[in-house]
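Worksheet: the structure to be examined is printed underneath.
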Amino acid sequence: MLKTSAPNPDEALSKSDEFAQGQGYALPEYPFVAPPELSTGQRHRYPVVIVGGGITGLTLACSLARLGVQAVLLDEDNTVGFKGASSQGICYTQKSLEIFDKLGIYPAIAKKGIQWNVGRTFAGDEEVYSFDLRQQSSLNLSAQPPFINIQQFYIESYLVERIHALGQVDLRWKSRVSAFEQNTDFATLTVETPAGSYQLEADHVIDASGAHTPFHQWVGATQQSQPGDDRWCIADVRFSAPLPAERHTWIEAPFNENRAVWQHLMADNVWRLDYQLAPNADPDAMSSPTHVRARLQRQFGDDVAFEIVWVGPYASRSQCLDQLRVGRVFFMGDTAKVVSPFGARGGNTGVADADNLAWKLAAVLRGRASPALLDSYNEERLEAAQQNVRVTHRTTRFLRPANDVERSFRNAAISLARQHLFARALVNTGRMAVANTYTQSHICDATGGQSVPNAAFCWADGSQGTVNDLLLWAEGDLLVLVFGQLSAGAVQRLKQLALHAPVRSVQVLGQGERPQAREHVRDLNARGIGHLQGACHVFGHAWALVRPDAYLAATGEAVDSDLIAAVEKTLGLH
Amino acid sequence: MKTTLNFQDADAFYESLLDAHSGLSREESELLNARLILIMANQLGDSAQLQACIAAARQMAPPSARSAPLPREAQPVE
């Protein structure tokens, strides 16, 4: 269990107050600045208004700022994380880290966060199996590691700093949206602030305000939901003597009445411990200081010194909107879907939602793509949301068997996993989040839809670069990587394409190949290996059309009309 | 999914299945069955075949069809 959000923010607030003996976290506070609307009384129209300053809304704001798009972000609070003290998400995937690298906050995350590679699964006192992420070759193509664990609010605070540095986005704290309406021309939002209320207009509204958003009702959004009866108590704990830097999961923990327990590390020597509760337990009562201390002592013994940093109850459930766009409103992060927190599929999905919409909004607002491009946000991210709901629901069924038959199959899987390699695949303690592939998108060719890892290569001058450097250089335009030698005609066609479409092309040379295009790199990393071609899922002489969110739009062989058609398709032109 | 006879020795399999369960409690039998299903499923591996097997197992014949004579080739051989 890696990402947590209390069922109700008020509940989390009261919990943190209750834990006065815990140190909690000192969260940064941001000042409320009265917006011009309050002094002039005039309404302004903004191209983009983002509601919610959590990890999703801030990632979008930062991505837009980097692409030079102006936006307003409204957040009802004046800090990051839940007010007072909280941790929420803790585990960030390679794809999220690559996105943060593009935004310029990856070095801070790598410095503060903890890398981990080893995970162990236990049933009773026995280890059922373990894994080492360093042995998964698909995760070794990127400049970023498979995972970094860090408290969510650290990332949020880095994003705020970065947004301030970039300009473009007006972060408005203590600004709660109290009413909304939209017509065919624009949307109107009413905002409550400590200095009074005002209205503003928007061409595009992005709702990233979390699972309890009022926007679903305001726009009549419909959704599928499954209430869960799986209840957990989450404790963030600092130990005097550190635990191993590994992910440990117990399917049946002897020290938790044979229910599941998660043990995972974060920054500041804090460990996240998740205790599965009895289905009929009252999560609030079971999260009381007395209960939590007793549980920790049962797990670690009486003589281990620890300090409780934060505790919260959690009730799992899942819901998913039927459409992620309603008129001018786009839903992302927890407003799009809520998943059970297994495999870090909540926060990481929100970050990917933001990365998906940012370049599309920028391309449309800069007049470089058709407004129809924005509809692909729903196609691509709804597919991802539904996939994540499906995957996490399977984990929930394994961890909380609904009846005797389900328990019997789980016992069978666990007992077989101890004896046979094949059965480990059946033991489901959470499938770690991945960059979801798009198979239903009208802007992706059948050859595209996969994420391109942030692979390293050599620039023409011999220095090292990565895919993200190429994307930054392309400044929000599409990127064509052409592998191998080019015909004279192909060189001309690529030049023409760059003149007439928002596309930059780069020739990627293999060993011993001569450059023919002005922009060229060599597929060779610092260890003397070429990873770029594999990262682009092509082989031999080929081109790969890469989007600003590091997803493949299409691949092909000859530089011909297929490439032109793929470019048009990727910009939503047909 | 195969619906024609594929067993090398159907009677021997059936006998060893019953033998494996003899002396077990209901709970132990349930666990044995579950283990057996998972082991056999891994032998098949193919997703479409596994789905077809699950669907076929769920498809109970209606009561009237139960007494109908089986096609000739499916009749037990003495």
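Residues in the structure tokens are numbered from 1 in each chain, the chains being A, B, ... in the order shown, and ligands are numbered from 1 in the order shown.
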Tell me as a PyMOL selection string which residues belonging to chain A come within 6 Å of chain B, counting only C-alpha atoms. chain A and resi 408-409+412
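Near range 541-554 of chain A, within 6 Å and counting only C-alpha atoms, sit Asp355, Cys444, Asp445, Thr447, Gly448, Gly449, Gln450, Ser451, Val452, Leu471, Gly476, Leu478, Leu479, Val480, Leu481, Val482, Phe483, Gly484 and Glu557 of chain A, not including residues fewer than 3 positions from it in the same chain.
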Dump as a CSV table (one decimal), in the first residue's frame, selection limited to N, CA and C atoms:
```csv
chain,number,residue,atom,x,y,z
A,355,ASP,N,0.9,15.5,-17.6
A,355,ASP,CA,1.9,15.5,-18.6
A,355,ASP,C,1.2,15.3,-20.0
A,444,CYS,N,-3.0,8.3,-32.0
A,444,CYS,CA,-1.8,7.3,-32.1
A,444,CYS,C,-2.0,6.3,-33.2
A,445,ASP,N,-1.0,6.1,-34.0
A,445,ASP,CA,-1.0,5.0,-34.9
A,445,ASP,C,-0.9,3.7,-34.2
A,447,THR,N,1.2,1.6,-34.6
A,447,THR,CA,2.6,1.3,-34.2
A,447,THR,C,3.1,2.1,-33.0
A,448,GLY,N,2.2,3.1,-32.5
A,448,GLY,CA,2.6,4.0,-31.4
A,448,GLY,C,1.8,3.7,-30.1
A,449,GLY,N,1.9,4.6,-29.2
A,449,GLY,CA,1.1,4.5,-28.0
A,449,GLY,C,1.9,4.1,-26.8
A,450,GLN,N,3.2,3.7,-27.0
A,450,GLN,CA,4.1,3.3,-25.8
A,450,GLN,C,4.9,4.5,-25.3
A,451,SER,N,5.2,4.4,-24.0
A,451,SER,CA,6.1,5.4,-23.5
A,451,SER,C,7.6,5.2,-23.9
A,452,VAL,N,8.3,6.3,-24.1
A,452,VAL,CA,9.7,6.2,-24.5
A,452,VAL,C,10.6,6.5,-23.3
A,471,LEU,N,13.5,16.6,-26.0
A,471,LEU,CA,12.2,17.1,-25.9
A,471,LEU,C,12.2,18.6,-25.5
A,476,GLY,N,8.1,21.7,-27.2
A,476,GLY,CA,6.7,21.4,-27.3
A,476,GLY,C,6.3,21.0,-28.7
A,478,LEU,N,6.7,18.3,-32.1
A,478,LEU,CA,6.9,16.9,-32.2
A,478,LEU,C,8.4,16.6,-32.6
A,479,LEU,N,8.9,15.4,-32.3
A,479,LEU,CA,10.2,15.1,-32.5
A,479,LEU,C,10.3,13.8,-33.4
A,480,VAL,N,11.0,13.9,-34.5
A,480,VAL,CA,11.2,12.7,-35.4
A,480,VAL,C,12.6,12.3,-35.2
A,481,LEU,N,12.8,11.1,-34.7
A,481,LEU,CA,14.1,10.5,-34.7
A,481,LEU,C,14.2,9.5,-35.8
A,482,VAL,N,15.2,9.8,-36.7
A,482,VAL,CA,15.4,8.9,-37.8
A,482,VAL,C,16.7,8.1,-37.6
A,483,PHE,N,16.6,6.8,-37.5
A,483,PHE,CA,17.7,5.9,-37.2
A,483,PHE,C,18.4,5.5,-38.5
A,484,GLY,N,19.7,5.6,-38.6
A,484,GLY,CA,20.5,5.1,-39.7
A,484,GLY,C,20.8,6.1,-40.8
A,557,GLU,N,9.3,3.0,-41.5
A,557,GLU,CA,10.6,2.8,-42.1
A,557,GLU,C,11.0,3.9,-43.0
```
One decimal place gives the CA of Ala108 in chain A-CA of Arg238 in chain A separation as 21.7 Å
Could you list, as a ChimeraX atom specification, every residue within 12 Å of Phe422 in chain A, counting only C-alpha atoms and ignoring same-chain residues fewer than 3 positions away? /A:129,413-419,425-427 /B:38-43,45
Residue selection dump (all heavy atoms) as a short mmCIF file (atom, residue, chain, number, x, y, z; two decimals), in the first residue's frame:
```
data_model
loop_
_atom_site.label_atom_id
_atom_site.label_comp_id
_atom_site.auth_asym_id
_atom_site.auth_seq_id
_atom_site.Cartn_x
_atom_site.Cartn_y
_atom_site.Cartn_z
N TYR A 129 8.51 -14.87 -1.54
CA TYR A 129 9.44 -14.58 -2.63
C TYR A 129 9.95 -13.17 -2.49
O TYR A 129 9.44 -12.38 -1.70
CB TYR A 129 8.79 -14.79 -4.01
CG TYR A 129 7.79 -13.74 -4.39
CD1 TYR A 129 8.15 -12.63 -5.15
CD2 TYR A 129 6.46 -13.86 -3.99
CE1 TYR A 129 7.22 -11.67 -5.50
CE2 TYR A 129 5.53 -12.91 -4.33
CZ TYR A 129 5.91 -11.81 -5.08
OH TYR A 129 5.00 -10.87 -5.42
N ALA A 413 -2.45 -20.47 -3.78
CA ALA A 413 -1.42 -19.70 -4.49
C ALA A 413 -0.21 -19.47 -3.59
O ALA A 413 0.94 -19.62 -4.03
CB ALA A 413 -2.01 -18.36 -4.95
N ILE A 414 -0.44 -19.12 -2.33
CA ILE A 414 0.68 -18.86 -1.42
C ILE A 414 1.48 -20.14 -1.19
O ILE A 414 2.72 -20.14 -1.24
CB ILE A 414 0.17 -18.29 -0.07
CG1 ILE A 414 -0.43 -16.90 -0.27
CG2 ILE A 414 1.31 -18.22 0.95
CD1 ILE A 414 -1.21 -16.39 0.95
N SER A 415 0.78 -21.26 -0.96
CA SER A 415 1.51 -22.50 -0.66
C SER A 415 2.29 -22.96 -1.89
O SER A 415 3.41 -23.46 -1.78
CB SER A 415 0.57 -23.58 -0.14
OG SER A 415 -0.36 -23.95 -1.14
N LEU A 416 1.72 -22.78 -3.09
CA LEU A 416 2.45 -23.16 -4.31
C LEU A 416 3.65 -22.24 -4.56
O LEU A 416 4.69 -22.69 -5.03
CB LEU A 416 1.51 -23.12 -5.52
CG LEU A 416 0.50 -24.26 -5.63
CD1 LEU A 416 -0.52 -23.97 -6.73
CD2 LEU A 416 1.21 -25.58 -5.91
N ALA A 417 3.47 -20.94 -4.22
CA ALA A 417 4.56 -19.97 -4.47
C ALA A 417 5.81 -20.32 -3.67
O ALA A 417 6.92 -20.01 -4.08
CB ALA A 417 4.08 -18.56 -4.16
N ARG A 418 5.61 -20.94 -2.50
CA ARG A 418 6.76 -21.35 -1.69
C ARG A 418 7.54 -22.46 -2.37
O ARG A 418 8.73 -22.62 -2.15
CB ARG A 418 6.28 -21.87 -0.34
CG ARG A 418 5.73 -20.80 0.57
CD ARG A 418 5.70 -21.32 2.01
NE ARG A 418 5.20 -20.29 2.89
CZ ARG A 418 3.97 -20.28 3.40
NH1 ARG A 418 3.14 -21.27 3.13
NH2 ARG A 418 3.59 -19.31 4.19
N GLN A 419 6.84 -23.26 -3.21
CA GLN A 419 7.47 -24.44 -3.80
C GLN A 419 7.86 -24.25 -5.25
O GLN A 419 8.84 -24.82 -5.70
CB GLN A 419 6.49 -25.62 -3.72
CG GLN A 419 6.08 -26.00 -2.31
CD GLN A 419 4.85 -26.90 -2.33
OE1 GLN A 419 3.74 -26.45 -2.53
NE2 GLN A 419 5.09 -28.19 -2.14
N ALA A 425 3.69 -15.66 -9.61
CA ALA A 425 2.95 -14.70 -10.45
C ALA A 425 1.51 -14.54 -9.98
O ALA A 425 0.85 -13.56 -10.32
CB ALA A 425 2.98 -15.16 -11.90
N LEU A 426 1.03 -15.51 -9.20
CA LEU A 426 -0.36 -15.43 -8.72
C LEU A 426 -0.48 -14.65 -7.43
O LEU A 426 -1.57 -14.20 -7.07
CB LEU A 426 -0.92 -16.85 -8.52
CG LEU A 426 -1.00 -17.74 -9.76
CD1 LEU A 426 -1.23 -19.19 -9.36
CD2 LEU A 426 -2.11 -17.26 -10.68
N VAL A 427 0.64 -14.50 -6.71
CA VAL A 427 0.61 -13.79 -5.43
C VAL A 427 0.60 -12.29 -5.73
O VAL A 427 1.55 -11.74 -6.28
CB VAL A 427 1.84 -14.18 -4.57
CG1 VAL A 427 1.89 -13.35 -3.31
CG2 VAL A 427 1.79 -15.66 -4.24
N LEU B 38 -4.70 -24.53 -10.09
CA LEU B 38 -3.66 -23.56 -10.43
C LEU B 38 -2.48 -24.24 -11.14
O LEU B 38 -1.93 -23.70 -12.11
CB LEU B 38 -3.18 -22.83 -9.18
CG LEU B 38 -4.25 -21.99 -8.45
CD1 LEU B 38 -3.66 -21.33 -7.21
CD2 LEU B 38 -4.87 -20.94 -9.38
N ILE B 39 -2.11 -25.43 -10.69
CA ILE B 39 -1.01 -26.16 -11.34
C ILE B 39 -1.39 -26.53 -12.77
O ILE B 39 -0.63 -26.32 -13.71
CB ILE B 39 -0.65 -27.43 -10.53
CG1 ILE B 39 0.04 -27.04 -9.22
CG2 ILE B 39 0.24 -28.36 -11.34
CD1 ILE B 39 0.20 -28.18 -8.22
N MET B 40 -2.62 -27.04 -12.94
CA MET B 40 -3.06 -27.44 -14.29
C MET B 40 -3.20 -26.22 -15.20
O MET B 40 -2.87 -26.29 -16.39
CB MET B 40 -4.38 -28.19 -14.21
CG MET B 40 -4.24 -29.59 -13.65
SD MET B 40 -5.87 -30.36 -13.56
CE MET B 40 -5.38 -32.07 -13.33
N ALA B 41 -3.69 -25.11 -14.63
CA ALA B 41 -3.87 -23.90 -15.44
C ALA B 41 -2.53 -23.43 -15.99
O ALA B 41 -2.43 -22.99 -17.14
CB ALA B 41 -4.52 -22.80 -14.61
N ASN B 42 -1.49 -23.55 -15.17
CA ASN B 42 -0.16 -23.14 -15.63
C ASN B 42 0.36 -24.07 -16.73
O ASN B 42 1.12 -23.66 -17.59
CB ASN B 42 0.82 -23.11 -14.46
CG ASN B 42 2.18 -22.59 -14.87
OD1 ASN B 42 2.27 -21.50 -15.42
ND2 ASN B 42 3.22 -23.37 -14.63
N GLN B 43 -0.10 -25.36 -16.73
CA GLN B 43 0.30 -26.27 -17.81
C GLN B 43 -0.30 -25.80 -19.14
O GLN B 43 0.35 -25.84 -20.17
CB GLN B 43 -0.16 -27.71 -17.54
CG GLN B 43 0.30 -28.29 -16.21
CD GLN B 43 1.79 -28.17 -16.01
OE1 GLN B 43 2.57 -28.58 -16.86
NE2 GLN B 43 2.20 -27.55 -14.91
N GLY B 45 -1.61 -22.56 -19.80
CA GLY B 45 -0.99 -21.27 -20.06
C GLY B 45 -1.78 -20.34 -20.97
O GLY B 45 -1.98 -19.18 -20.64
#
```
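Using only C-alpha atoms, the nearest neighbour of Tyr158 in chain A within the list A:Phe100, A:Phe180, A:Trp232, A:Phe186 is A:Phe100.
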